[in-house]
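Each remark here refers to the structure printed beneath this line.
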Amino acid sequence: MVEWECLLAGGSFEELVEVGEPRIVAGQDSDGCLVFAMSPRLTTVLADTGHSRLRDVAASWAQLRAEVGEVIDTEIAHGIVGDLAALVSSARRQNQSVYCWVA
């Protein structure tokens with residue numbers, strides 16, 4: 001989520017942490033699982049970003065991951081970011097929030 005927010009809306013990890021993002025809403029137990037609330041800024045940007053910009057962000061995200069040894073195919077990255085944008089748009093129409101579970 002932090003990488004997506006930085007790529008879509010700008011800023012850095014440090015700046016997000018300073019403002020309390022991403023906000024942990026559950027977890028911090030010994031099992032290592034956490035649930036984060038997606039920030040209002042990220043949900044807004046995801047819902048309002050066009051298809052070509054999402055494709056560019058997905059390519060940038062895949063490159064960032066490759067720099068740390070995690071290979072994500074650009075088309076798969078685009079599918080993930082595009083599906084997330086669609087989920088966020090649907091949640092906003094229903095006045096709902098979006099969360100990310102990390103194991």
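Chain lettering (A, B, ...) mirrors the order of the structure tokens, residue numbering begins at 1 for each chain separately, and ligand numbering begins at 1 in order of display.
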
Please report, as a list in words, each residue of chain A to which DSSP assigns strand (DSSP E or B) when run on this structure's backbone.
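Of chain A, the ones in strand (DSSP E or B) are Arg23, Ile24, Val25, Ala26, Gly27, Leu34, Val35, Phe36, Ala37, Tyr99, Cys100, Trp101 and Val102 of chain A.
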
DSSP helix (DSSP H, G or I) residues within chain A, as a count of residues only:
60

Show which residues sit within 12 Å of Arg53 of chain A, as an mmCIF file with N, CA, C and O atoms, in the first residue's frame. Count only C-alpha atoms, and ignore same-chain residues fewer than 6 positions away.
```
data_model
loop_
_atom_site.group_PDB
_atom_site.id
_atom_site.type_symbol
_atom_site.label_atom_id
_atom_site.label_comp_id
_atom_site.auth_asym_id
_atom_site.auth_seq_id
_atom_site.Cartn_x
_atom_site.Cartn_y
_atom_site.Cartn_z
ATOM 1 N N LEU A 7 3.704 6.082 -5.335
ATOM 2 C CA LEU A 7 3.721 6.149 -6.795
ATOM 3 C C LEU A 7 2.543 6.950 -7.347
ATOM 4 O O LEU A 7 2.693 7.715 -8.306
ATOM 5 N N LEU A 8 1.379 6.781 -6.756
ATOM 6 C CA LEU A 8 0.180 7.455 -7.266
ATOM 7 C C LEU A 8 0.035 8.891 -6.788
ATOM 8 O O LEU A 8 -0.398 9.761 -7.540
ATOM 9 N N ALA A 9 0.372 9.131 -5.538
ATOM 10 C CA ALA A 9 0.084 10.439 -4.943
ATOM 11 C C ALA A 9 1.337 11.223 -4.562
ATOM 12 O O ALA A 9 1.234 12.361 -4.123
ATOM 13 N N VAL A 45 -7.212 8.606 -4.872
ATOM 14 C CA VAL A 45 -6.359 8.586 -6.063
ATOM 15 C C VAL A 45 -6.617 7.336 -6.893
ATOM 16 O O VAL A 45 -6.721 7.405 -8.117
ATOM 17 N N LEU A 46 -6.739 6.184 -6.252
ATOM 18 C CA LEU A 46 -7.011 4.949 -7.000
ATOM 19 C C LEU A 46 -8.339 5.028 -7.757
ATOM 20 O O LEU A 46 -8.424 4.641 -8.915
ATOM 21 N N ALA A 47 -9.348 5.533 -7.095
ATOM 22 C CA ALA A 47 -10.676 5.608 -7.718
ATOM 23 C C ALA A 47 -10.707 6.611 -8.866
ATOM 24 O O ALA A 47 -11.473 6.434 -9.814
ATOM 25 N N ALA A 59 3.727 -0.638 -13.817
ATOM 26 C CA ALA A 59 5.072 -0.887 -14.336
ATOM 27 C C ALA A 59 6.128 -0.366 -13.361
ATOM 28 O O ALA A 59 7.138 -1.036 -13.113
ATOM 29 N N SER A 60 5.895 0.809 -12.797
ATOM 30 C CA SER A 60 6.828 1.368 -11.815
ATOM 31 C C SER A 60 6.892 0.506 -10.562
ATOM 32 O O SER A 60 7.968 0.283 -9.990
ATOM 33 N N HIS A 78 -0.226 -4.899 -13.371
ATOM 34 C CA HIS A 78 -1.325 -4.067 -13.874
ATOM 35 C C HIS A 78 -2.667 -4.658 -13.459
ATOM 36 O O HIS A 78 -3.583 -3.928 -13.078
ATOM 37 N N VAL A 81 -3.151 -3.817 -9.660
ATOM 38 C CA VAL A 81 -3.457 -2.398 -9.436
ATOM 39 C C VAL A 81 -4.823 -2.049 -10.029
ATOM 40 O O VAL A 81 -5.614 -1.333 -9.400
ATOM 41 N N GLY A 82 -5.126 -2.563 -11.207
ATOM 42 C CA GLY A 82 -6.430 -2.302 -11.828
ATOM 43 C C GLY A 82 -7.578 -2.881 -11.024
ATOM 44 O O GLY A 82 -8.615 -2.231 -10.834
ATOM 45 N N ALA A 85 -8.071 -0.776 -7.937
ATOM 46 C CA ALA A 85 -8.778 0.458 -8.264
ATOM 47 C C ALA A 85 -10.277 0.199 -8.428
ATOM 48 O O ALA A 85 -11.107 0.979 -7.953
#
```

From the options A:Leu64, A:Val98, A:Met1, A:Leu54, which residue's atoms come nearest to Gly79 of chain A, counting only C-alpha atoms?
A:Leu54
